[in-house]
Each structure stands twice: as structure tokens, then as C-alpha cells.
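To be precise, the following lines are structure.cif, and they hold mmCIF, C-alpha atoms and all ligand atoms.
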data_data
#
loop_
_atom_site.label_atom_id
_atom_site.label_comp_id
_atom_site.auth_asym_id
_atom_site.auth_seq_id
_atom_site.Cartn_x
_atom_site.Cartn_y
_atom_site.Cartn_z
CA MET A 1 125.03 -99.36 -36.03
CA LEU A 2 127.52 -97.36 -38.08
CA ILE A 3 130.73 -96.62 -36.19
CA GLN A 4 133.00 -93.84 -37.41
CA ALA A 5 136.35 -92.99 -35.87
CA LYS A 6 138.09 -89.88 -37.15
CA GLY A 7 141.61 -88.83 -36.24
CA LEU A 8 141.64 -90.84 -33.04
CA SER A 9 144.86 -90.36 -31.12
CA LYS A 10 146.03 -91.44 -27.71
CA ILE A 11 149.20 -90.06 -26.20
CA TYR A 12 150.43 -91.30 -22.84
CA GLY A 13 152.85 -89.34 -20.67
CA ASN A 14 154.61 -86.17 -21.72
CA GLY A 15 157.99 -84.77 -22.69
CA GLU A 16 160.64 -87.44 -23.09
CA ASN A 17 158.32 -90.14 -21.76
CA GLN A 18 155.63 -89.47 -24.32
CA VAL A 19 154.20 -92.53 -26.05
CA VAL A 20 151.95 -92.11 -29.07
CA ALA A 21 149.90 -95.28 -28.54
CA LEU A 22 147.48 -94.42 -31.35
CA ASP A 23 148.23 -91.96 -34.15
CA LYS A 24 145.22 -90.32 -35.91
CA ALA A 25 143.31 -93.50 -36.65
CA ASN A 26 140.42 -93.34 -39.14
CA LEU A 27 138.00 -96.22 -39.40
CA THR A 28 134.42 -96.76 -40.54
CA ILE A 29 132.71 -99.93 -39.36
CA ALA A 30 129.47 -100.83 -41.12
CA PRO A 31 126.76 -103.00 -39.56
CA GLY A 32 127.71 -106.69 -39.87
CA ASP A 33 131.36 -106.04 -40.67
CA PHE A 34 133.88 -108.64 -39.54
CA ILE A 35 137.13 -106.80 -38.94
CA SER A 36 140.46 -108.09 -37.71
CA ILE A 37 143.22 -105.88 -36.41
CA ILE A 38 146.63 -107.44 -36.28
CA GLY A 39 149.83 -106.01 -34.87
CA PRO A 40 152.75 -106.90 -32.62
CA SER A 41 152.75 -106.47 -28.86
CA GLY A 42 152.75 -102.80 -27.85
CA SER A 43 151.56 -101.58 -31.26
CA GLY A 44 148.38 -100.01 -29.85
CA LYS A 45 145.77 -102.74 -30.40
CA SER A 46 144.22 -102.61 -26.94
CA THR A 47 144.37 -98.83 -26.91
CA LEU A 48 142.40 -98.74 -30.18
CA LEU A 49 139.82 -101.20 -28.88
CA HIS A 50 139.38 -99.24 -25.65
CA LEU A 51 138.81 -96.06 -27.64
CA LEU A 52 136.45 -97.66 -30.18
CA SER A 53 134.33 -99.03 -27.35
CA GLY A 54 134.29 -95.83 -25.34
CA LEU A 55 136.11 -97.46 -22.44
CA ASP A 56 138.78 -94.79 -22.65
CA HIS A 57 138.86 -91.22 -23.96
CA PRO A 58 141.24 -90.20 -26.75
CA THR A 59 143.73 -87.35 -26.56
CA SER A 60 142.08 -86.07 -29.75
CA GLY A 61 139.68 -87.21 -32.44
CA SER A 62 136.03 -88.20 -32.63
CA LEU A 63 133.97 -91.36 -32.49
CA THR A 64 130.34 -91.63 -33.54
CA TYR A 65 127.82 -94.46 -33.32
CA ASP A 66 125.02 -93.78 -35.82
CA GLY A 67 126.09 -90.15 -35.88
CA GLN A 68 126.08 -89.72 -32.10
CA GLU A 69 129.41 -88.49 -30.71
CA ILE A 70 129.93 -90.87 -27.83
CA TYR A 71 132.76 -89.19 -25.95
CA THR A 72 130.39 -86.34 -25.12
CA LEU A 73 128.05 -88.69 -23.22
CA SER A 74 128.25 -88.61 -19.43
CA ASP A 75 129.99 -91.57 -17.75
CA LYS A 76 126.62 -92.94 -16.74
CA GLU A 77 125.10 -92.63 -20.23
CA LEU A 78 128.21 -94.11 -21.79
CA SER A 79 128.25 -97.15 -19.50
CA ALA A 80 124.57 -97.78 -20.17
CA PHE A 81 125.22 -97.46 -23.92
CA ARG A 82 128.14 -99.86 -23.70
CA ARG A 83 126.15 -102.41 -21.67
CA ARG A 84 123.32 -102.41 -24.21
CA GLN A 85 125.12 -102.08 -27.52
CA MET A 86 128.49 -103.76 -27.06
CA GLY A 87 129.74 -107.15 -26.00
CA PHE A 88 133.32 -107.73 -24.87
CA ILE A 89 135.55 -110.77 -24.98
CA PHE A 90 138.99 -110.65 -23.39
CA GLN A 91 142.14 -112.72 -23.57
CA GLN A 92 141.93 -113.51 -19.83
CA PHE A 93 138.18 -114.37 -19.96
CA ASN A 94 137.55 -111.98 -16.99
CA LEU A 95 134.95 -114.21 -15.35
CA LEU A 96 134.11 -113.59 -11.70
CA PRO A 97 135.55 -116.62 -9.86
CA VAL A 98 132.86 -116.84 -7.15
CA LEU A 99 129.97 -116.85 -9.64
CA THR A 100 128.71 -119.83 -11.61
CA ALA A 101 128.79 -119.85 -15.40
CA ARG A 102 125.09 -118.94 -15.45
CA GLU A 103 125.60 -116.02 -13.06
CA ASN A 104 128.59 -114.77 -15.03
CA ILE A 105 126.59 -114.91 -18.26
CA LEU A 106 123.67 -112.99 -16.74
CA MET A 107 125.86 -110.31 -15.13
CA PRO A 108 125.38 -107.64 -17.88
CA LEU A 109 121.60 -107.92 -17.45
CA LEU A 110 121.81 -107.68 -13.66
CA LEU A 111 123.93 -104.54 -13.98
CA ASP A 112 121.26 -103.10 -16.25
CA LYS A 113 118.43 -104.22 -13.91
CA LYS A 114 116.93 -106.33 -16.70
CA GLN A 115 115.11 -109.64 -16.28
CA PRO A 116 117.04 -112.60 -17.68
CA ASP A 117 115.47 -114.19 -20.74
CA GLU A 118 115.77 -117.89 -19.86
CA GLY A 119 114.91 -118.94 -23.40
CA TYR A 120 117.75 -116.90 -24.87
CA LEU A 121 120.15 -118.06 -22.14
CA ASN A 122 119.37 -121.67 -22.98
CA GLN A 123 119.74 -121.00 -26.69
CA LEU A 124 123.20 -119.51 -26.10
CA ALA A 125 124.19 -122.35 -23.78
CA GLU A 126 123.17 -124.86 -26.44
CA LEU A 127 124.98 -123.01 -29.21
CA LEU A 128 128.15 -122.72 -27.13
CA GLY A 129 128.07 -126.28 -25.78
CA LEU A 130 127.59 -125.14 -22.19
CA ARG A 131 124.25 -126.68 -21.35
CA ASP A 132 125.58 -129.03 -18.67
CA ARG A 133 128.16 -126.53 -17.40
CA LEU A 134 125.93 -123.63 -16.34
CA ASN A 135 126.13 -124.41 -12.62
CA HIS A 136 129.91 -124.79 -12.56
CA LEU A 137 132.36 -122.24 -11.22
CA PRO A 138 135.00 -120.91 -13.64
CA HIS A 139 137.82 -122.95 -12.03
CA GLU A 140 135.83 -126.11 -12.76
CA LEU A 141 135.89 -125.31 -16.49
CA SER A 142 138.59 -125.67 -19.13
CA GLY A 143 140.02 -122.53 -20.74
CA GLY A 144 137.94 -123.09 -23.87
CA GLN A 145 134.78 -123.52 -21.79
CA GLN A 146 135.55 -120.38 -19.79
CA GLN A 147 135.96 -118.40 -23.00
CA ARG A 148 132.66 -119.81 -24.27
CA VAL A 149 131.00 -118.59 -21.05
CA ALA A 150 132.56 -115.19 -21.73
CA ILE A 151 131.13 -115.26 -25.28
CA ALA A 152 127.66 -116.03 -23.90
CA ARG A 153 128.08 -113.13 -21.47
CA ALA A 154 129.05 -110.86 -24.36
CA LEU A 155 125.86 -111.85 -26.22
CA ILE A 156 123.28 -112.00 -23.43
CA ALA A 157 122.18 -108.36 -23.71
CA GLN A 158 121.82 -108.83 -27.50
CA PRO A 159 124.32 -106.10 -28.41
CA GLU A 160 124.96 -105.21 -32.05
CA VAL A 161 128.73 -105.04 -31.78
CA ILE A 162 131.19 -107.54 -30.34
CA PHE A 163 134.74 -106.46 -29.48
CA ALA A 164 137.25 -109.22 -28.82
CA ASP A 165 140.80 -108.50 -27.59
CA GLU A 166 143.00 -111.52 -28.43
CA PRO A 167 140.19 -113.95 -27.56
CA THR A 168 142.31 -117.01 -28.33
CA GLY A 169 145.55 -115.69 -26.82
CA ASN A 170 145.25 -117.86 -23.69
CA LEU A 171 144.00 -121.00 -25.41
CA ASP A 172 145.73 -123.97 -27.03
CA SER A 173 145.31 -124.07 -30.79
CA LYS A 174 142.45 -126.60 -30.70
CA SER A 175 140.30 -124.64 -28.21
CA GLY A 176 141.31 -121.41 -29.94
CA GLY A 177 140.13 -122.79 -33.27
CA GLU A 178 136.81 -123.84 -31.72
CA VAL A 179 136.30 -120.41 -30.17
CA MET A 180 136.99 -118.75 -33.55
CA GLU A 181 134.54 -121.06 -35.35
CA LEU A 182 131.87 -120.23 -32.77
CA LEU A 183 132.48 -116.50 -33.09
CA LYS A 184 132.28 -116.67 -36.88
CA GLY A 185 129.09 -118.75 -36.73
CA ILE A 186 127.45 -116.43 -34.23
CA ARG A 187 128.34 -113.39 -36.26
CA GLU A 188 126.83 -114.90 -39.41
CA ARG A 189 123.73 -116.30 -37.77
CA MET A 190 122.98 -113.36 -35.52
CA GLY A 191 124.18 -110.62 -37.86
CA LYS A 192 126.55 -109.03 -35.35
CA THR A 193 129.41 -106.69 -36.09
CA LEU A 194 132.65 -108.34 -34.96
CA VAL A 195 135.94 -106.56 -34.30
CA ILE A 196 138.75 -108.93 -33.33
CA ILE A 197 142.21 -108.02 -32.20
CA THR A 198 144.81 -110.68 -32.67
CA HIS A 199 148.40 -111.37 -33.41
CA ASP A 200 147.52 -114.62 -35.14
CA ASN A 201 147.68 -114.42 -38.94
CA ARG A 202 145.17 -117.21 -39.47
CA ILE A 203 142.55 -115.51 -37.35
CA ALA A 204 143.19 -112.20 -39.05
CA ALA A 205 142.80 -113.81 -42.47
CA ALA A 206 139.35 -115.17 -41.56
CA ALA A 207 137.93 -111.65 -41.36
CA ASP A 208 136.27 -109.78 -44.24
CA ARG A 209 138.34 -106.69 -43.57
CA GLN A 210 141.88 -106.82 -42.29
CA LEU A 211 143.66 -103.96 -40.63
CA THR A 212 147.18 -103.75 -39.35
CA ILE A 213 148.60 -101.54 -36.65
CA MET A 214 152.27 -100.65 -36.27
CA ASP A 215 153.57 -98.16 -33.73
CA GLY A 216 150.07 -96.73 -33.35
CA VAL A 217 149.48 -96.31 -37.10
CA LEU A 218 146.37 -98.10 -38.32
CA SER A 219 146.03 -99.14 -41.99
CA GLU A 220 143.65 -101.32 -43.92
CA VAL A 221 145.03 -104.18 -45.98
CA ALA A 222 143.60 -103.88 -49.48
CA ALA A 223 141.00 -106.55 -50.23
CA GLY A 224 141.59 -109.33 -52.74
P1 LIG B 301 148.96 -103.79 -27.63
O1 LIG B 301 147.58 -104.08 -27.14
O2 LIG B 301 149.08 -103.77 -29.13
O3 LIG B 301 149.99 -104.72 -27.03
P2 LIG B 301 148.69 -101.31 -26.14
O4 LIG B 301 147.58 -100.60 -26.80
O5 LIG B 301 148.40 -101.99 -24.85
O6 LIG B 301 149.39 -102.32 -27.17
O7 LIG B 301 149.87 -100.25 -25.89
C1 LIG B 301 150.38 -99.37 -26.90
C2 LIG B 301 151.50 -98.52 -26.33
O8 LIG B 301 150.97 -97.64 -25.33
C3 LIG B 301 152.61 -99.32 -25.64
O9 LIG B 301 153.83 -98.68 -25.89
C4 LIG B 301 152.22 -99.23 -24.19
O10 LIG B 301 153.38 -99.37 -23.37
C5 LIG B 301 151.61 -97.86 -24.09
N1 LIG B 301 150.60 -97.77 -23.02
C6 LIG B 301 149.43 -98.47 -22.97
N2 LIG B 301 148.71 -98.13 -21.88
C7 LIG B 301 149.45 -97.18 -21.23
C8 LIG B 301 149.24 -96.41 -20.02
N3 LIG B 301 148.13 -96.54 -19.30
N4 LIG B 301 150.21 -95.55 -19.67
C9 LIG B 301 151.32 -95.39 -20.42
N5 LIG B 301 151.58 -96.07 -21.56
C10 LIG B 301 150.65 -96.95 -21.97
MG MG B 302 146.84 -105.66 -25.93
#
Written as C-alpha cells, how would this file's structure read?
Amino acid sequence: MLIQAKGLSKIYGNGENQVVALDKANLTIAPGDFISIIGPSGSGKSTLLHLLSGLDHPTSGSLTYDGQEIYTLSDKELSAFRRRQMGFIFQQFNLLPVLTARENILMPLLLDKKQPDEGYLNQLAELLGLRDRLNHLPHELSGGQQQRVAIARALIAQPEVIFADEPTGNLDSKSGGEVMELLKGIRERMGKTLVIITHDNRIAAAADRQLTIMDGVLSEVAAG
């Protein structure tokens, strides 16, 4: 999946209250890329991620996935596309509190009316160290375990692209380090594209391509 963003802008409000959250961002993401985007709070990181994943519409600009302009899809087509092709990991985990770990992980398939693949679920649980935690509710799990459940949920529909918005932001440095190691391993082993937003320099440095964002202006840090 080749993702191309051209001149993506997002402007909130108008007149004196206008905020240019994202200013004409250009970005090409090749299959298997591992990209980090670093920037201070309020610089436009989440806005960029929401636009790249089609969760939000830009004020101007275009976004294609394998040449297909995705903002022209209907809401229904776009949500189906997102469910099948993209996995999401959030700072706050965003697990449903009344569902077990297993049910949370399977949620994207249920929404897509797909049969769960028990073999793949077990493989993910093994990989993420969750095998004996699948029947627990989120509040019975540590932060690191909850984020690992969220990673399994992001992978269950076998998407090509994983978007993570400050995935270690709510974790202590040990659990955060473990989550990052797992994400890197999964990306290498499963050949996923990984786009991580962070304000942690060490996480950013682990990526193959590093981008920075400042006041809505996205730039790539030269390699080497
Ligand atoms: P980050 O994720 O880097 O902290 P955001 O993308 O959330 O930054 O926000 C970028 C800028 O856009 C900030 O100035 C923020 O206040 C503003 N912003 C974000 N969402 C909205 C919104 N829905 N309405 C108005 N302003 C917004
Ligand atoms: Mg944010």
C-alpha cells in the first residue's frame, strides 16, 4: 500500500480564532516504512494522523492509497476501508471496559461481520504475552498489558498499515520500552507499515524515517 499525501492542510475556526493545525503537508509512505513523527504538544501530530488515516477530512489537499483518492469515498466505504487496511493504537488504549481482552481484540472483526480466526488470535496472544490474560477485563490488566491488547486489536484484521498516536505516552518507561520492542518486532516479522507519533526522542530515533512537526509544518529529518 503506497500512501501519498499532497498539500494536506487543516484549518480550525475562522477569523481571529483561526488555527492552522496542519500546513500543506507532503508525505509519501512506502509499503513497510517505519516512520516516526515527533513534535511538541499542539504541533499538529494528532491532526496529521487523523488526516492520514481518513478519520478526518482536510481543509485542502489530497490523500491516496495505491492511487485511490480516499476522501472521495463515502463514509461507509471509508470506514470499511479503514477497518480492513488500518490498525490503530492510541495513548489511552481505548479498550471497552465491559469487554474482556479477547472480546476487545476481536471487535474490529465483529464490526466487519467477519469470523474470528482463532489460530491467528492465539498467535497474537502468544506474541504479545497475553495468553493467560484473554478472559480478563481491562481494569484487571496493567497499563502495559492493556496496550498489548490494543496492539492485538490493531492487528487482528491483518491490516497493512498501523498508526500509533503516542502509544507509550501513558506507560512507565519499562512498559513503554516493551511496547516499542513488540511494535518493532511485529513490523519486521509481519512486514507492516508503521507510523508512530511521539514526543519521545528515543522512540523517534528507532524509526527508519524521522519526521518533525512544528506549528503544523511537517519536515523530514535527512537520513544518516
Ligand atoms: P498534537 O497532537 O501535536 O498535540 P493536535 O493535532 O491535537 O496537536 O492540535 C494541533 C492544533 O490544532 C492545536 O493548536 C489544537 O489546539 C488545534 N486543534 C486540534 N483539534 C481542534 C479542534 N477540533 N478545534 C479547534 N482546534 C483544534
Ligand atoms: Mg496529540
key: All residues having an atom within 7 Å of ligand LIG 301 (chain B) (all atoms listed in the file) as a ChimeraX atom specification   = /A:12-13,19-21,39-48,216
Would you kindly return, as a compact mmCIF listing (two decimals) with C-alpha atoms, in the frame of the given file, each protein, DNA or RNA residue with an atom no farther than 9 Å from any atom of Ser62 (chain A), considering only C-alpha atoms and excluding same-chain residues fewer than 2 positions away?
# COMPACT_ATOMS: atom_id res chain seq x y z
CA GLN A 4 133.00 -93.84 -37.41
CA ALA A 5 136.35 -92.99 -35.87
CA LYS A 6 138.09 -89.88 -37.15
CA GLY A 7 141.61 -88.83 -36.24
CA LEU A 8 141.64 -90.84 -33.04
CA PRO A 58 141.24 -90.20 -26.75
CA SER A 60 142.08 -86.07 -29.75
CA THR A 64 130.34 -91.63 -33.54
CA GLU A 69 129.41 -88.49 -30.71
CA ILE A 70 129.93 -90.87 -27.83
CA TYR A 71 132.76 -89.19 -25.95
message = So that I can see what lies close to Asp75 (chain A), please list as a list in words the residues with an atom at most 12 Å from it, counting all atoms listed in the file and leaving out residues fewer than 6 positions away in the same chain.
response = Gly54, Leu55, Asp56, His57, Phe81 and Arg82 of chain A
message = Rounded to one decimal, what separation in Å do you get between CA of Leu52 (chain A) and CA of Gly176 (chain A)?
response =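 Separation of CA of Leu52 (chain A) and CA of Gly176 (chain A): 24.2 Å.
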task = May I ask for the distance between CA of Ala206 (chain A) and CA of Ser36 (chain A), given in Å to one decimal place?
result = 8.1 Å
Extract, using all atoms listed in the file, all DNA, RNA and protein residues at most 8 Å from Leu218 (chain A), discarding same-chain residues fewer than 4 positions from it, and format them as an mmCIF file with C-alpha atoms, in the coordinates of the input.
data_model
loop_
_atom_site.group_PDB
_atom_site.id
_atom_site.type_symbol
_atom_site.label_atom_id
_atom_site.label_comp_id
_atom_site.auth_asym_id
_atom_site.auth_seq_id
_atom_site.Cartn_x
_atom_site.Cartn_y
_atom_site.Cartn_z
ATOM 1 C CA LEU A 22 147.480 -94.420 -31.350
ATOM 2 C CA ASP A 23 148.230 -91.960 -34.150
ATOM 3 C CA ALA A 25 143.310 -93.500 -36.650
ATOM 4 C CA ASN A 26 140.420 -93.340 -39.140
ATOM 5 C CA LEU A 211 143.660 -103.960 -40.630
ATOM 6 C CA THR A 212 147.180 -103.750 -39.350
ATOM 7 C CA ILE A 213 148.600 -101.540 -36.650
ATOM 8 C CA MET A 214 152.270 -100.650 -36.270
#
task = May I ask which of the residues A:Thr168, A:Thr193, A:Thr198, A:Gln85 is the closest one to ligand MG 302 (chain B), counting all atoms listed in the file?
result =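 Closest to ligand MG 302 (chain B), using all atoms listed in the file: A:Thr198.
Closest approach to ligand MG 302 (chain B) among A:Asp117, A:Glu77, A:Asp165, A:Glu220 is made by A:Asp165 (distances from only C-alpha atoms and all ligand atoms).
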task = Scan for residues within 9 Å of the point (128.1, -117.1, -14.4) in the coordinates of the file, using all atoms listed in the file, and reply as number ranges by chain.
result = A: 95-107, 134-138, 149-150, 153
Dump C-alpha atoms for the selected residues as a short mmCIF file (atom, residue, chain, number, x, y, z; two decimals), in the coordinates of the input?
data_model
loop_
_atom_site.label_atom_id
_atom_site.label_comp_id
_atom_site.auth_asym_id
_atom_site.auth_seq_id
_atom_site.Cartn_x
_atom_site.Cartn_y
_atom_site.Cartn_z
CA LEU A 95 134.95 -114.21 -15.35
CA LEU A 96 134.11 -113.59 -11.70
CA PRO A 97 135.55 -116.62 -9.86
CA VAL A 98 132.86 -116.84 -7.15
CA LEU A 99 129.97 -116.85 -9.64
CA THR A 100 128.71 -119.83 -11.61
CA ALA A 101 128.79 -119.85 -15.40
CA ARG A 102 125.09 -118.94 -15.45
CA GLU A 103 125.60 -116.02 -13.06
CA ASN A 104 128.59 -114.77 -15.03
CA ILE A 105 126.59 -114.91 -18.26
CA LEU A 106 123.67 -112.99 -16.74
CA MET A 107 125.86 -110.31 -15.13
CA LEU A 134 125.93 -123.63 -16.34
CA ASN A 135 126.13 -124.41 -12.62
CA HIS A 136 129.91 -124.79 -12.56
CA LEU A 137 132.36 -122.24 -11.22
CA PRO A 138 135.00 -120.91 -13.64
CA VAL A 149 131.00 -118.59 -21.05
CA ALA A 150 132.56 -115.19 -21.73
CA ARG A 153 128.08 -113.13 -21.47
#
key: Interatomic distance (Å, one decimal) between CA of Phe88 (chain A) and CA of Arg148 (chain A)   = 12.1 Å
Report, as JSON, the axis-aligned box around all atoms of region 28-35 of chain A present in the file, extended by 4 Å on each side; give centre and edge lengths in Å to one decimal place.
{"center_x": 131.9, "center_y": -102.7, "center_z": -40.0, "size_x": 18.4, "size_y": 19.9, "size_z": 10.2}
Complete the atom set of region 71-95 of chain A to N, CA, C and O atoms and return it as a PDB file, keeping the file's coordinate frame.
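As a result, rebuild-v4.pdb now contains:
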ATOM      1  N   TYR A  71     131.922 -89.698 -27.048  1.00  0.00           N
ATOM      2  CA  TYR A  71     132.760 -89.190 -25.950  1.00  0.00           C
ATOM      3  C   TYR A  71     132.131 -87.995 -25.240  1.00  0.00           C
ATOM      4  O   TYR A  71     132.616 -87.557 -24.204  1.00  0.00           O
ATOM      5  N   THR A  72     131.057 -87.446 -25.809  1.00  0.00           N
ATOM      6  CA  THR A  72     130.390 -86.340 -25.120  1.00  0.00           C
ATOM      7  C   THR A  72     129.312 -86.838 -24.146  1.00  0.00           C
ATOM      8  O   THR A  72     128.756 -86.053 -23.384  1.00  0.00           O
ATOM      9  N   LEU A  73     129.027 -88.147 -24.170  1.00  0.00           N
ATOM     10  CA  LEU A  73     128.050 -88.690 -23.220  1.00  0.00           C
ATOM     11  C   LEU A  73     128.646 -88.642 -21.811  1.00  0.00           C
ATOM     12  O   LEU A  73     129.863 -88.719 -21.637  1.00  0.00           O
ATOM     13  N   SER A  74     127.774 -88.548 -20.814  1.00  0.00           N
ATOM     14  CA  SER A  74     128.250 -88.610 -19.430  1.00  0.00           C
ATOM     15  C   SER A  74     128.729 -90.047 -19.161  1.00  0.00           C
ATOM     16  O   SER A  74     128.374 -90.977 -19.897  1.00  0.00           O
ATOM     17  N   ASP A  75     129.490 -90.233 -18.091  1.00  0.00           N
ATOM     18  CA  ASP A  75     129.990 -91.570 -17.750  1.00  0.00           C
ATOM     19  C   ASP A  75     128.835 -92.555 -17.612  1.00  0.00           C
ATOM     20  O   ASP A  75     128.917 -93.695 -18.060  1.00  0.00           O
ATOM     21  N   LYS A  76     127.761 -92.080 -16.988  1.00  0.00           N
ATOM     22  CA  LYS A  76     126.620 -92.940 -16.740  1.00  0.00           C
ATOM     23  C   LYS A  76     125.929 -93.344 -18.063  1.00  0.00           C
ATOM     24  O   LYS A  76     125.623 -94.517 -18.289  1.00  0.00           O
ATOM     25  N   GLU A  77     125.725 -92.345 -18.924  1.00  0.00           N
ATOM     26  CA  GLU A  77     125.100 -92.630 -20.230  1.00  0.00           C
ATOM     27  C   GLU A  77     125.976 -93.570 -21.048  1.00  0.00           C
ATOM     28  O   GLU A  77     125.480 -94.495 -21.696  1.00  0.00           O
ATOM     29  N   LEU A  78     127.287 -93.300 -21.004  1.00  0.00           N
ATOM     30  CA  LEU A  78     128.210 -94.110 -21.790  1.00  0.00           C
ATOM     31  C   LEU A  78     128.239 -95.550 -21.278  1.00  0.00           C
ATOM     32  O   LEU A  78     128.218 -96.497 -22.074  1.00  0.00           O
ATOM     33  N   SER A  79     128.243 -95.747 -19.958  1.00  0.00           N
ATOM     34  CA  SER A  79     128.250 -97.150 -19.500  1.00  0.00           C
ATOM     35  C   SER A  79     126.956 -97.850 -19.835  1.00  0.00           C
ATOM     36  O   SER A  79     126.976 -99.037 -20.180  1.00  0.00           O
ATOM     37  N   ALA A  80     125.837 -97.150 -19.777  1.00  0.00           N
ATOM     38  CA  ALA A  80     124.570 -97.780 -20.170  1.00  0.00           C
ATOM     39  C   ALA A  80     124.611 -98.136 -21.658  1.00  0.00           C
ATOM     40  O   ALA A  80     124.218 -99.238 -22.065  1.00  0.00           O
ATOM     41  N   PHE A  81     125.111 -97.221 -22.473  1.00  0.00           N
ATOM     42  CA  PHE A  81     125.220 -97.460 -23.920  1.00  0.00           C
ATOM     43  C   PHE A  81     126.102 -98.679 -24.194  1.00  0.00           C
ATOM     44  O   PHE A  81     125.758 -99.546 -25.004  1.00  0.00           O
ATOM     45  N   ARG A  82     127.227 -98.739 -23.486  1.00  0.00           N
ATOM     46  CA  ARG A  82     128.140 -99.860 -23.700  1.00  0.00           C
ATOM     47  C   ARG A  82     127.494-101.173 -23.288  1.00  0.00           C
ATOM     48  O   ARG A  82     127.614-102.177 -23.983  1.00  0.00           O
ATOM     49  N   ARG A  83     126.793-101.179 -22.150  1.00  0.00           N
ATOM     50  CA  ARG A  83     126.150-102.410 -21.670  1.00  0.00           C
ATOM     51  C   ARG A  83     125.123-102.929 -22.665  1.00  0.00           C
ATOM     52  O   ARG A  83     124.957-104.126 -22.838  1.00  0.00           O
ATOM     53  N   ARG A  84     124.416-101.997 -23.320  1.00  0.00           N
ATOM     54  CA  ARG A  84     123.320-102.410 -24.210  1.00  0.00           C
ATOM     55  C   ARG A  84     123.772-102.715 -25.634  1.00  0.00           C
ATOM     56  O   ARG A  84     123.182-103.555 -26.307  1.00  0.00           O
ATOM     57  N   GLN A  85     124.764-101.990 -26.100  1.00  0.00           N
ATOM     58  CA  GLN A  85     125.120-102.080 -27.520  1.00  0.00           C
ATOM     59  C   GLN A  85     126.380-102.868 -27.820  1.00  0.00           C
ATOM     60  O   GLN A  85     126.661-103.172 -28.968  1.00  0.00           O
ATOM     61  N   MET A  86     127.204-103.116 -26.781  1.00  0.00           N
ATOM     62  CA  MET A  86     128.490-103.760 -27.060  1.00  0.00           C
ATOM     63  C   MET A  86     128.695-104.972 -26.173  1.00  0.00           C
ATOM     64  O   MET A  86     128.308-104.974 -25.007  1.00  0.00           O
ATOM     65  N   GLY A  87     129.316-105.990 -26.770  1.00  0.00           N
ATOM     66  CA  GLY A  87     129.740-107.150 -26.000  1.00  0.00           C
ATOM     67  C   GLY A  87     131.248-107.223 -26.046  1.00  0.00           C
ATOM     68  O   GLY A  87     131.860-106.858 -27.059  1.00  0.00           O
ATOM     69  N   PHE A  88     131.857-107.706 -24.954  1.00  0.00           N
ATOM     70  CA  PHE A  88     133.320-107.730 -24.870  1.00  0.00           C
ATOM     71  C   PHE A  88     133.823-109.125 -24.554  1.00  0.00           C
ATOM     72  O   PHE A  88     133.276-109.811 -23.697  1.00  0.00           O
ATOM     73  N   ILE A  89     134.892-109.498 -25.248  1.00  0.00           N
ATOM     74  CA  ILE A  89     135.550-110.770 -24.980  1.00  0.00           C
ATOM     75  C   ILE A  89     137.040-110.474 -24.807  1.00  0.00           C
ATOM     76  O   ILE A  89     137.627-109.769 -25.646  1.00  0.00           O
ATOM     77  N   PHE A  90     137.609-110.985 -23.726  1.00  0.00           N
ATOM     78  CA  PHE A  90     138.990-110.650 -23.390  1.00  0.00           C
ATOM     79  C   PHE A  90     139.876-111.886 -23.446  1.00  0.00           C
ATOM     80  O   PHE A  90     139.405-113.013 -23.298  1.00  0.00           O
ATOM     81  N   GLN A  91     141.172-111.625 -23.570  1.00  0.00           N
ATOM     82  CA  GLN A  91     142.140-112.720 -23.570  1.00  0.00           C
ATOM     83  C   GLN A  91     142.063-113.538 -22.270  1.00  0.00           C
ATOM     84  O   GLN A  91     142.156-114.766 -22.293  1.00  0.00           O
ATOM     85  N   GLN A  92     141.906-112.844 -21.149  1.00  0.00           N
ATOM     86  CA  GLN A  92     141.930-113.510 -19.830  1.00  0.00           C
ATOM     87  C   GLN A  92     140.537-113.936 -19.369  1.00  0.00           C
ATOM     88  O   GLN A  92     140.351-114.174 -18.174  1.00  0.00           O
ATOM     89  N   PHE A  93     139.573-113.964 -20.241  1.00  0.00           N
ATOM     90  CA  PHE A  93     138.180-114.370 -19.960  1.00  0.00           C
ATOM     91  C   PHE A  93     137.448-113.385 -19.041  1.00  0.00           C
ATOM     92  O   PHE A  93     136.298-113.078 -19.265  1.00  0.00           O
ATOM     93  N   ASN A  94     138.144-112.934 -17.953  1.00  0.00           N
ATOM     94  CA  ASN A  94     137.550-111.980 -16.990  1.00  0.00           C
ATOM     95  C   ASN A  94     136.214-112.446 -16.418  1.00  0.00           C
ATOM     96  O   ASN A  94     135.290-111.654 -16.280  1.00  0.00           O
ATOM     97  N   LEU A  95     136.150-113.719 -16.042  1.00  0.00           N
ATOM     98  CA  LEU A  95     134.950-114.210 -15.350  1.00  0.00           C
ATOM     99  C   LEU A  95     135.132-113.961 -13.857  1.00  0.00           C
ATOM    100  O   LEU A  95     136.253-113.955 -13.354  1.00  0.00           O
TER     101      LEU A  95
END
